Amino acid sequence: MTVYVFDGTMDGLLTAVFDAFLLKEEPEELLAEGDALPLFCDHTYHVTTDEEKARRVWTGLEKKLTREALRLISVSWLSEQRELNTPLFLYICKVFKLGDISRNFADADVLAVTNIARRVLHEQLRMKQFIRFQKAKDGTYLAVVSPDHNVLPIIIDHFQDRFNDQPWLIYDAKRHYGYYYDGKTVIHVTFEDEATVPFDLSNGKLDTDVLSENDKLFQDLWRTYFKAICIKERMNPKKQLSDMPRRYWKYMTEKNG
């Protein structure tokens, strides 16, 4: 059994594909550094990430796959799931051997990659629905999130289009980065010391000394409204959890306070 080991990056995975064809090998698994090796492993090859090799593999995929299939590959990678590594690697290898197999859901690797991509896209939709902004005294709108998957890169265009006349910051507390929009340009941001930021990463609340008075009033009114429309006799907790999973509650105004 041949196993390839890579650094856990997309460029590393694409380099692994390049090396497999160069060495004329057919690895059964692609593992990230630190993963336990299978019991019956005869040969291990450590991939050295090479941006040029990765670029050549991606260029090759662009010639063989539709734009939608390429997008699903990119989206699936945002899942950050280690279980994706082997099926995505094998899927890409098969594309270079067999051509466009992106609609062959009888293939276990194609199905696995597609299903993971769909989970990411589903959370992307949930993020668009459940992100709640707070307004700071300087006019900046802040939203803190902690999604299961790394979906910020594929939701930022939505918020740039929708809120293009005001500055905002969407920050991923789980991955410690965010995007700031100054009214013209979206900028990738990180904080050297998160302990100094004027908001609580556990629930996304702005500190009271920087929260706009109007926004504080609005939040109180929103919570009151949410409670008012909840008719006790018609409450359906199971349906509510299905529509609004509990993991999103801590950052939602109507569910806090």
# chains A, B, ... in the order shown; residues from 1 in each chain; ligands from 1
$ residues_around --residues "Lys63 of chain A" --least-positions-apart "6" --cutoff "12 Å" --atoms "only C-alpha atoms" --output "PyMOL selection string"
chain A and resi 56-57+69-70+95-96+99-100
$ write_last_selection --atoms "N, CA, C and O atoms" --output "PDB file, in the first residue's frame"
ATOM      1  N   ARG A  56       0.277  24.110 -12.496  1.00  0.00           N
ATOM      2  CA  ARG A  56       0.155  23.316 -13.720  1.00  0.00           C
ATOM      3  C   ARG A  56      -0.986  22.306 -13.608  1.00  0.00           C
ATOM      4  O   ARG A  56      -1.725  22.074 -14.579  1.00  0.00           O
ATOM      5  N   VAL A  57      -1.149  21.707 -12.428  1.00  0.00           N
ATOM      6  CA  VAL A  57      -2.251  20.766 -12.235  1.00  0.00           C
ATOM      7  C   VAL A  57      -3.581  21.492 -12.320  1.00  0.00           C
ATOM      8  O   VAL A  57      -4.526  21.025 -12.978  1.00  0.00           O
ATOM      9  N   ALA A  69     -17.833  22.383 -11.862  1.00  0.00           N
ATOM     10  CA  ALA A  69     -17.070  21.304 -11.232  1.00  0.00           C
ATOM     11  C   ALA A  69     -15.835  21.855 -10.523  1.00  0.00           C
ATOM     12  O   ALA A  69     -15.496  21.423  -9.417  1.00  0.00           O
ATOM     13  N   LEU A  70     -15.174  22.822 -11.148  1.00  0.00           N
ATOM     14  CA  LEU A  70     -14.010  23.454 -10.518  1.00  0.00           C
ATOM     15  C   LEU A  70     -14.416  24.180  -9.244  1.00  0.00           C
ATOM     16  O   LEU A  70     -13.711  24.136  -8.231  1.00  0.00           O
ATOM     17  N   VAL A  95      -9.657  12.422 -13.008  1.00  0.00           N
ATOM     18  CA  VAL A  95      -9.989  13.388 -14.060  1.00  0.00           C
ATOM     19  C   VAL A  95      -8.912  13.378 -15.139  1.00  0.00           C
ATOM     20  O   VAL A  95      -9.202  13.406 -16.345  1.00  0.00           O
ATOM     21  N   PHE A  96      -7.645  13.303 -14.739  1.00  0.00           N
ATOM     22  CA  PHE A  96      -6.560  13.304 -15.717  1.00  0.00           C
ATOM     23  C   PHE A  96      -6.457  11.973 -16.465  1.00  0.00           C
ATOM     24  O   PHE A  96      -5.896  11.914 -17.557  1.00  0.00           O
ATOM     25  N   GLY A  99     -11.009  11.932 -17.832  1.00  0.00           N
ATOM     26  CA  GLY A  99     -11.740  13.098 -18.294  1.00  0.00           C
ATOM     27  C   GLY A  99     -12.724  13.573 -17.235  1.00  0.00           C
ATOM     28  O   GLY A  99     -12.591  13.267 -16.046  1.00  0.00           O
ATOM     29  N   ASP A 100     -13.720  14.330 -17.663  1.00  0.00           N
ATOM     30  CA  ASP A 100     -14.692  14.925 -16.736  1.00  0.00           C
ATOM     31  C   ASP A 100     -15.613  13.854 -16.147  1.00  0.00           C
ATOM     32  O   ASP A 100     -16.511  13.343 -16.820  1.00  0.00           O
TER      33      ASP A 100
END
$ atom_distance --atom1 "atom CA of His176 of chain A" --atom2 "atom CA of Leu206 of chain A"
16.7 Å
$ select_by_dssp --residues "segment 8-257 of chain A" --states "strand (DSSP E or B)" --output "JSON, numbers by chain"
{"A": [29, 30, 31, 32, 43, 44, 45, 46, 134, 135, 136, 141, 142, 143, 144, 145, 168, 169, 170, 171, 172, 177, 178, 179, 180, 181, 186, 187, 188, 189, 199, 206, 211]}
$ residues_around --residues "Asn164 of chain A" --least-positions-apart "2" --cutoff "12 Å" --atoms "only C-alpha atoms" --output "PDB file with all heavy atoms, in the first residue's frame"
ATOM      1  N   TYR A 141     -19.938  48.698  11.165  1.00  0.00           N
ATOM      2  CA  TYR A 141     -20.816  47.598  11.544  1.00  0.00           C
ATOM      3  C   TYR A 141     -19.967  46.334  11.737  1.00  0.00           C
ATOM      4  O   TYR A 141     -19.136  45.998  10.888  1.00  0.00           O
ATOM      5  CB  TYR A 141     -21.872  47.355  10.464  1.00  0.00           C
ATOM      6  CG  TYR A 141     -22.931  48.440  10.421  1.00  0.00           C
ATOM      7  CD1 TYR A 141     -22.697  49.630   9.748  1.00  0.00           C
ATOM      8  CD2 TYR A 141     -24.147  48.280  11.085  1.00  0.00           C
ATOM      9  CE1 TYR A 141     -23.661  50.637   9.710  1.00  0.00           C
ATOM     10  CE2 TYR A 141     -25.121  49.276  11.052  1.00  0.00           C
ATOM     11  CZ  TYR A 141     -24.857  50.450  10.361  1.00  0.00           C
ATOM     12  OH  TYR A 141     -25.812  51.442  10.352  1.00  0.00           O
ATOM     13  N   ILE A 156     -18.313  36.933   1.302  1.00  0.00           N
ATOM     14  CA  ILE A 156     -17.942  38.345   1.376  1.00  0.00           C
ATOM     15  C   ILE A 156     -18.501  39.145   0.207  1.00  0.00           C
ATOM     16  O   ILE A 156     -18.946  40.289   0.379  1.00  0.00           O
ATOM     17  CB  ILE A 156     -16.413  38.489   1.473  1.00  0.00           C
ATOM     18  CG1 ILE A 156     -15.935  37.982   2.830  1.00  0.00           C
ATOM     19  CG2 ILE A 156     -15.989  39.938   1.276  1.00  0.00           C
ATOM     20  CD1 ILE A 156     -16.596  38.635   4.032  1.00  0.00           C
ATOM     21  N   ASP A 157     -18.502  38.579  -1.002  1.00  0.00           N
ATOM     22  CA  ASP A 157     -19.059  39.296  -2.159  1.00  0.00           C
ATOM     23  C   ASP A 157     -20.517  39.667  -1.925  1.00  0.00           C
ATOM     24  O   ASP A 157     -20.970  40.755  -2.324  1.00  0.00           O
ATOM     25  CB  ASP A 157     -18.936  38.450  -3.424  1.00  0.00           C
ATOM     26  CG  ASP A 157     -17.515  38.416  -3.967  1.00  0.00           C
ATOM     27  OD1 ASP A 157     -16.684  39.194  -3.473  1.00  0.00           O
ATOM     28  OD2 ASP A 157     -17.234  37.593  -4.856  1.00  0.00           O
ATOM     29  N   HIS A 158     -21.264  38.774  -1.275  1.00  0.00           N
ATOM     30  CA  HIS A 158     -22.676  39.021  -0.981  1.00  0.00           C
ATOM     31  C   HIS A 158     -22.835  40.267  -0.118  1.00  0.00           C
ATOM     32  O   HIS A 158     -23.669  41.141  -0.407  1.00  0.00           O
ATOM     33  CB  HIS A 158     -23.275  37.806  -0.271  1.00  0.00           C
ATOM     34  CG  HIS A 158     -24.610  38.053   0.345  1.00  0.00           C
ATOM     35  ND1 HIS A 158     -25.778  38.051  -0.380  1.00  0.00           N
ATOM     36  CD2 HIS A 158     -24.967  38.324   1.642  1.00  0.00           C
ATOM     37  CE1 HIS A 158     -26.802  38.302   0.425  1.00  0.00           C
ATOM     38  NE2 HIS A 158     -26.335  38.472   1.654  1.00  0.00           N
ATOM     39  N   PHE A 159     -22.025  40.379   0.934  1.00  0.00           N
ATOM     40  CA  PHE A 159     -22.154  41.512   1.847  1.00  0.00           C
ATOM     41  C   PHE A 159     -21.576  42.791   1.237  1.00  0.00           C
ATOM     42  O   PHE A 159     -22.062  43.889   1.510  1.00  0.00           O
ATOM     43  CB  PHE A 159     -21.480  41.185   3.178  1.00  0.00           C
ATOM     44  CG  PHE A 159     -22.256  40.183   3.979  1.00  0.00           C
ATOM     45  CD1 PHE A 159     -21.899  38.842   3.975  1.00  0.00           C
ATOM     46  CD2 PHE A 159     -23.380  40.563   4.698  1.00  0.00           C
ATOM     47  CE1 PHE A 159     -22.630  37.905   4.692  1.00  0.00           C
ATOM     48  CE2 PHE A 159     -24.124  39.637   5.412  1.00  0.00           C
ATOM     49  CZ  PHE A 159     -23.750  38.306   5.406  1.00  0.00           C
ATOM     50  N   GLN A 160     -20.576  42.651   0.380  1.00  0.00           N
ATOM     51  CA  GLN A 160     -20.045  43.826  -0.297  1.00  0.00           C
ATOM     52  C   GLN A 160     -21.089  44.417  -1.242  1.00  0.00           C
ATOM     53  O   GLN A 160     -21.224  45.644  -1.355  1.00  0.00           O
ATOM     54  CB  GLN A 160     -18.781  43.465  -1.077  1.00  0.00           C
ATOM     55  CG  GLN A 160     -18.106  44.668  -1.721  1.00  0.00           C
ATOM     56  CD  GLN A 160     -16.823  44.306  -2.438  1.00  0.00           C
ATOM     57  OE1 GLN A 160     -16.444  43.140  -2.506  1.00  0.00           O
ATOM     58  NE2 GLN A 160     -16.136  45.302  -2.979  1.00  0.00           N
ATOM     59  N   ASP A 161     -21.837  43.552  -1.913  1.00  0.00           N
ATOM     60  CA  ASP A 161     -22.899  44.025  -2.809  1.00  0.00           C
ATOM     61  C   ASP A 161     -24.072  44.612  -2.029  1.00  0.00           C
ATOM     62  O   ASP A 161     -24.640  45.631  -2.419  1.00  0.00           O
ATOM     63  CB  ASP A 161     -23.401  42.872  -3.685  1.00  0.00           C
ATOM     64  CG  ASP A 161     -22.379  42.432  -4.714  1.00  0.00           C
ATOM     65  OD1 ASP A 161     -21.465  43.217  -5.009  1.00  0.00           O
ATOM     66  OD2 ASP A 161     -22.485  41.294  -5.209  1.00  0.00           O
ATOM     67  N   ARG A 162     -24.403  43.962  -0.913  1.00  0.00           N
ATOM     68  CA  ARG A 162     -25.600  44.368  -0.169  1.00  0.00           C
ATOM     69  C   ARG A 162     -25.362  45.595   0.704  1.00  0.00           C
ATOM     70  O   ARG A 162     -26.254  46.415   0.885  1.00  0.00           O
ATOM     71  CB  ARG A 162     -26.075  43.199   0.694  1.00  0.00           C
ATOM     72  CG  ARG A 162     -27.409  43.444   1.358  1.00  0.00           C
ATOM     73  CD  ARG A 162     -27.929  42.202   2.026  1.00  0.00           C
ATOM     74  NE  ARG A 162     -29.215  42.427   2.657  1.00  0.00           N
ATOM     75  CZ  ARG A 162     -29.863  41.531   3.383  1.00  0.00           C
ATOM     76  NH1 ARG A 162     -29.350  40.323   3.553  1.00  0.00           N
ATOM     77  NH2 ARG A 162     -31.028  41.812   3.921  1.00  0.00           N
ATOM     78  N   GLN A 166     -21.472  51.383   3.398  1.00  0.00           N
ATOM     79  CA  GLN A 166     -21.129  51.537   4.817  1.00  0.00           C
ATOM     80  C   GLN A 166     -19.950  50.633   5.166  1.00  0.00           C
ATOM     81  O   GLN A 166     -19.773  49.565   4.582  1.00  0.00           O
ATOM     82  CB  GLN A 166     -22.340  51.170   5.687  1.00  0.00           C
ATOM     83  CG  GLN A 166     -22.851  49.765   5.451  1.00  0.00           C
ATOM     84  CD  GLN A 166     -24.278  49.573   5.939  1.00  0.00           C
ATOM     85  OE1 GLN A 166     -25.132  50.448   5.807  1.00  0.00           O
ATOM     86  NE2 GLN A 166     -24.540  48.415   6.511  1.00  0.00           N
ATOM     87  N   PRO A 167     -19.115  51.052   6.115  1.00  0.00           N
ATOM     88  CA  PRO A 167     -17.981  50.217   6.524  1.00  0.00           C
ATOM     89  C   PRO A 167     -18.434  49.080   7.435  1.00  0.00           C
ATOM     90  O   PRO A 167     -19.312  49.268   8.277  1.00  0.00           O
ATOM     91  CB  PRO A 167     -17.082  51.203   7.281  1.00  0.00           C
ATOM     92  CG  PRO A 167     -18.025  52.214   7.830  1.00  0.00           C
ATOM     93  CD  PRO A 167     -19.125  52.352   6.801  1.00  0.00           C
ATOM     94  N   TRP A 168     -17.831  47.905   7.264  1.00  0.00           N
ATOM     95  CA  TRP A 168     -18.183  46.781   8.122  1.00  0.00           C
ATOM     96  C   TRP A 168     -17.001  45.832   8.281  1.00  0.00           C
ATOM     97  O   TRP A 168     -16.061  45.837   7.490  1.00  0.00           O
ATOM     98  CB  TRP A 168     -19.405  46.014   7.603  1.00  0.00           C
ATOM     99  CG  TRP A 168     -19.434  45.674   6.143  1.00  0.00           C
ATOM    100  CD1 TRP A 168     -20.158  46.307   5.168  1.00  0.00           C
ATOM    101  CD2 TRP A 168     -18.724  44.618   5.465  1.00  0.00           C
ATOM    102  NE1 TRP A 168     -19.934  45.716   3.942  1.00  0.00           N
ATOM    103  CE2 TRP A 168     -19.068  44.680   4.092  1.00  0.00           C
ATOM    104  CE3 TRP A 168     -17.835  43.633   5.892  1.00  0.00           C
ATOM    105  CZ2 TRP A 168     -18.552  43.801   3.150  1.00  0.00           C
ATOM    106  CZ3 TRP A 168     -17.299  42.751   4.953  1.00  0.00           C
ATOM    107  CH2 TRP A 168     -17.674  42.840   3.595  1.00  0.00           C
ATOM    108  N   TYR A 180     -12.525  43.323   6.349  1.00  0.00           N
ATOM    109  CA  TYR A 180     -12.985  44.677   6.638  1.00  0.00           C
ATOM    110  C   TYR A 180     -13.273  45.390   5.325  1.00  0.00           C
ATOM    111  O   TYR A 180     -12.459  45.349   4.389  1.00  0.00           O
ATOM    112  CB  TYR A 180     -11.925  45.449   7.431  1.00  0.00           C
ATOM    113  CG  TYR A 180     -12.247  46.921   7.595  1.00  0.00           C
ATOM    114  CD1 TYR A 180     -13.302  47.335   8.409  1.00  0.00           C
ATOM    115  CD2 TYR A 180     -11.494  47.895   6.922  1.00  0.00           C
ATOM    116  CE1 TYR A 180     -13.603  48.683   8.551  1.00  0.00           C
ATOM    117  CE2 TYR A 180     -11.796  49.241   7.056  1.00  0.00           C
ATOM    118  CZ  TYR A 180     -12.854  49.626   7.876  1.00  0.00           C
ATOM    119  OH  TYR A 180     -13.160  50.955   8.009  1.00  0.00           O
ATOM    120  N   TYR A 181     -14.436  46.051   5.261  1.00  0.00           N
ATOM    121  CA  TYR A 181     -14.811  46.816   4.075  1.00  0.00           C
ATOM    122  C   TYR A 181     -14.873  48.287   4.454  1.00  0.00           C
ATOM    123  O   TYR A 181     -15.616  48.664   5.377  1.00  0.00           O
ATOM    124  CB  TYR A 181     -16.163  46.329   3.549  1.00  0.00           C
ATOM    125  CG  TYR A 181     -16.678  47.096   2.357  1.00  0.00           C
ATOM    126  CD1 TYR A 181     -16.049  47.009   1.119  1.00  0.00           C
ATOM    127  CD2 TYR A 181     -17.811  47.904   2.464  1.00  0.00           C
ATOM    128  CE1 TYR A 181     -16.519  47.701   0.018  1.00  0.00           C
ATOM    129  CE2 TYR A 181     -18.300  48.598   1.364  1.00  0.00           C
ATOM    130  CZ  TYR A 181     -17.651  48.491   0.146  1.00  0.00           C
ATOM    131  OH  TYR A 181     -18.131  49.187  -0.945  1.00  0.00           O
ATOM    132  N   ASP A 182     -14.095  49.117   3.774  1.00  0.00           N
ATOM    133  CA  ASP A 182     -14.023  50.540   4.119  1.00  0.00           C
ATOM    134  C   ASP A 182     -14.929  51.416   3.269  1.00  0.00           C
ATOM    135  O   ASP A 182     -14.857  52.653   3.330  1.00  0.00           O
ATOM    136  CB  ASP A 182     -12.579  51.036   4.011  1.00  0.00           C
ATOM    137  CG  ASP A 182     -12.016  50.927   2.591  1.00  0.00           C
ATOM    138  OD1 ASP A 182     -12.783  50.552   1.670  1.00  0.00           O
ATOM    139  OD2 ASP A 182     -10.819  51.209   2.402  1.00  0.00           O
ATOM    140  N   GLY A 183     -15.799  50.795   2.484  1.00  0.00           N
ATOM    141  CA  GLY A 183     -16.671  51.538   1.592  1.00  0.00           C
ATOM    142  C   GLY A 183     -16.212  51.476   0.147  1.00  0.00           C
ATOM    143  O   GLY A 183     -16.953  51.828  -0.773  1.00  0.00           O
ATOM    144  N   LYS A 184     -14.971  50.983  -0.036  1.00  0.00           N
ATOM    145  CA  LYS A 184     -14.423  50.865  -1.390  1.00  0.00           C
ATOM    146  C   LYS A 184     -13.757  49.514  -1.624  1.00  0.00           C
ATOM    147  O   LYS A 184     -13.945  48.894  -2.665  1.00  0.00           O
ATOM    148  CB  LYS A 184     -13.394  51.979  -1.632  1.00  0.00           C
ATOM    149  CG  LYS A 184     -13.970  53.383  -1.620  1.00  0.00           C
ATOM    150  CD  LYS A 184     -12.875  54.407  -1.864  1.00  0.00           C
ATOM    151  CE  LYS A 184     -13.438  55.828  -1.853  1.00  0.00           C
ATOM    152  NZ  LYS A 184     -12.366  56.845  -2.061  1.00  0.00           N
ATOM    153  N   THR A 185     -12.987  49.070  -0.633  1.00  0.00           N
ATOM    154  CA  THR A 185     -12.166  47.869  -0.804  1.00  0.00           C
ATOM    155  C   THR A 185     -12.352  46.908   0.360  1.00  0.00           C
ATOM    156  O   THR A 185     -12.504  47.334   1.511  1.00  0.00           O
ATOM    157  CB  THR A 185     -10.667  48.248  -0.892  1.00  0.00           C
ATOM    158  OG1 THR A 185     -10.493  49.255  -1.897  1.00  0.00           O
ATOM    159  CG2 THR A 185      -9.820  47.033  -1.245  1.00  0.00           C
ATOM    160  N   VAL A 186     -12.346  45.594   0.056  1.00  0.00           N
ATOM    161  CA  VAL A 186     -12.391  44.564   1.093  1.00  0.00           C
ATOM    162  C   VAL A 186     -10.961  44.167   1.443  1.00  0.00           C
ATOM    163  O   VAL A 186     -10.152  43.879   0.547  1.00  0.00           O
ATOM    164  CB  VAL A 186     -13.183  43.325   0.626  1.00  0.00           C
ATOM    165  CG1 VAL A 186     -13.082  42.212   1.660  1.00  0.00           C
ATOM    166  CG2 VAL A 186     -14.640  43.689   0.395  1.00  0.00           C
TER     167      VAL A 186
END
$ residues_around --residues "Glu80 of chain A" --least-positions-apart "5" --cutoff "9 Å" --atoms "only C-alpha atoms" --output "PyMOL selection string"
chain A and resi 148-150
$ write_last_selection --atoms "N, CA and C atoms" --output "JSON list (two decimals), in the first residue's frame"
[["chain", "number", "residue", "atom", "x", "y", "z"],
["A", 148, "ASP", "N", -18.76, 26.22, 11.08],
["A", 148, "ASP", "CA", -18.09, 24.91, 11.06],
["A", 148, "ASP", "C", -17.06, 24.85, 9.94],
["A", 149, "HIS", "N", -17.40, 25.48, 8.81],
["A", 149, "HIS", "CA", -16.52, 25.46, 7.65],
["A", 149, "HIS", "C", -16.02, 26.88, 7.37],
["A", 150, "ASN", "N", -14.94, 26.97, 6.63],
["A", 150, "ASN", "CA", -14.30, 28.26, 6.36],
["A", 150, "ASN", "C", -15.01, 28.98, 5.21]]
$ residues_around --residues "Glu52 of chain A" --least-positions-apart "3" --cutoff "12 Å" --atoms "only C-alpha atoms" --output "list in words"
Asp11, Gly12, Leu14, Thr15, Phe18, Thr48, Thr49, Arg55, Arg56, Val57, Trp58 and Thr59 of chain A
$ write_last_selection --atoms "C-alpha atoms" --output "tab-separated table (two decimals), in the first residue's frame"
chain	number	residue	atom	x	y	z
A	11	ASP	CA	-1.12	23.54	-3.22
A	12	GLY	CA	0.29	20.52	-1.43
A	14	LEU	CA	-2.19	19.49	-6.21
A	15	THR	CA	1.57	18.89	-5.97
A	18	PHE	CA	1.65	16.07	-10.10
A	48	THR	CA	7.20	18.81	-1.00
A	49	THR	CA	4.74	21.55	-1.91
A	55	ARG	CA	-0.44	25.75	-10.85
A	56	ARG	CA	0.15	23.32	-13.72
A	57	VAL	CA	-2.25	20.77	-12.24
A	58	TRP	CA	-4.96	23.40	-11.72
A	59	THR	CA	-4.47	24.70	-15.26
$ select_by_dssp --residues "segment 34-143 of chain A" --states "alpha helix (DSSP H)" --output "MDAnalysis selection string"
chainID A and resid 51:64 67:77 85:98 108:130
$ atom_distance --atom1 "atom CA of Ile116 of chain A" --atom2 "atom CA of Asn104 of chain A"
15.5 Å
$ residues_around --residues "segment 127-134 of chain A" --least-positions-apart "2" --cutoff "6 Å" --atoms "only C-alpha atoms" --output "tab-separated table (two decimals) with all heavy atoms, in the first residue's frame"
chain	number	residue	atom	x	y	z
A	124	GLN	N	-22.84	28.23	3.89
A	124	GLN	CA	-22.72	29.56	3.30
A	124	GLN	C	-24.08	30.27	3.30
A	124	GLN	O	-24.19	31.44	3.67
A	124	GLN	CB	-22.21	29.43	1.86
A	124	GLN	CG	-22.29	30.72	1.07
A	124	GLN	CD	-22.41	30.47	-0.42
A	124	GLN	OE1	-21.77	31.14	-1.22
A	124	GLN	NE2	-23.23	29.52	-0.81
A	125	LEU	N	-25.12	29.53	2.91
A	125	LEU	CA	-26.46	30.10	2.90
A	125	LEU	C	-26.91	30.47	4.31
A	125	LEU	O	-27.49	31.55	4.53
A	125	LEU	CB	-27.44	29.10	2.28
A	125	LEU	CG	-28.92	29.51	2.24
A	125	LEU	CD1	-29.08	30.78	1.40
A	125	LEU	CD2	-29.77	28.38	1.66
A	141	TYR	N	-19.94	48.70	11.16
A	141	TYR	CA	-20.82	47.60	11.54
A	141	TYR	C	-19.97	46.33	11.74
A	141	TYR	O	-19.14	46.00	10.89
A	141	TYR	CB	-21.87	47.36	10.46
A	141	TYR	CG	-22.93	48.44	10.42
A	141	TYR	CD1	-22.70	49.63	9.75
A	141	TYR	CD2	-24.15	48.28	11.08
A	141	TYR	CE1	-23.66	50.64	9.71
A	141	TYR	CE2	-25.12	49.28	11.05
A	141	TYR	CZ	-24.86	50.45	10.36
A	141	TYR	OH	-25.81	51.44	10.35
A	142	LEU	N	-20.19	45.65	12.85
A	142	LEU	CA	-19.40	44.46	13.19
A	142	LEU	C	-20.28	43.23	13.27
A	142	LEU	O	-21.39	43.27	13.82
A	142	LEU	CB	-18.71	44.66	14.54
A	142	LEU	CG	-18.08	43.40	15.14
A	142	LEU	CD1	-16.78	43.06	14.43
A	142	LEU	CD2	-17.85	43.54	16.64
A	143	ALA	N	-19.78	42.12	12.75
A	143	ALA	CA	-20.43	40.82	12.92
A	143	ALA	C	-19.34	39.79	13.22
A	143	ALA	O	-18.32	39.73	12.54
A	143	ALA	CB	-21.20	40.42	11.67
A	252	MET	N	-26.54	35.73	17.66
A	252	MET	CA	-27.77	36.32	17.15
A	252	MET	C	-28.43	37.21	18.20
A	252	MET	O	-28.68	36.78	19.32
A	252	MET	CB	-28.73	35.22	16.68
A	252	MET	CG	-28.15	34.38	15.55
A	252	MET	SD	-29.24	33.07	14.99
A	252	MET	CE	-30.54	34.04	14.23
$ closest_residue --among "A:Lys64, A:Val17, A:Lys24, A:Val3" --to "His43 of chain A" --atoms "only C-alpha atoms"
A:Val3
$ atom_distance --atom1 "atom CA of Val189 of chain A" --atom2 "atom CA of Leu169 of chain A"
9.0 Å
$ residues_around --residues "Val144 of chain A" --least-positions-apart "4" --cutoff "9 Å" --atoms "only C-alpha atoms" --output "ChimeraX atom specification"
/A:131-133,169-173,178,199-205,251
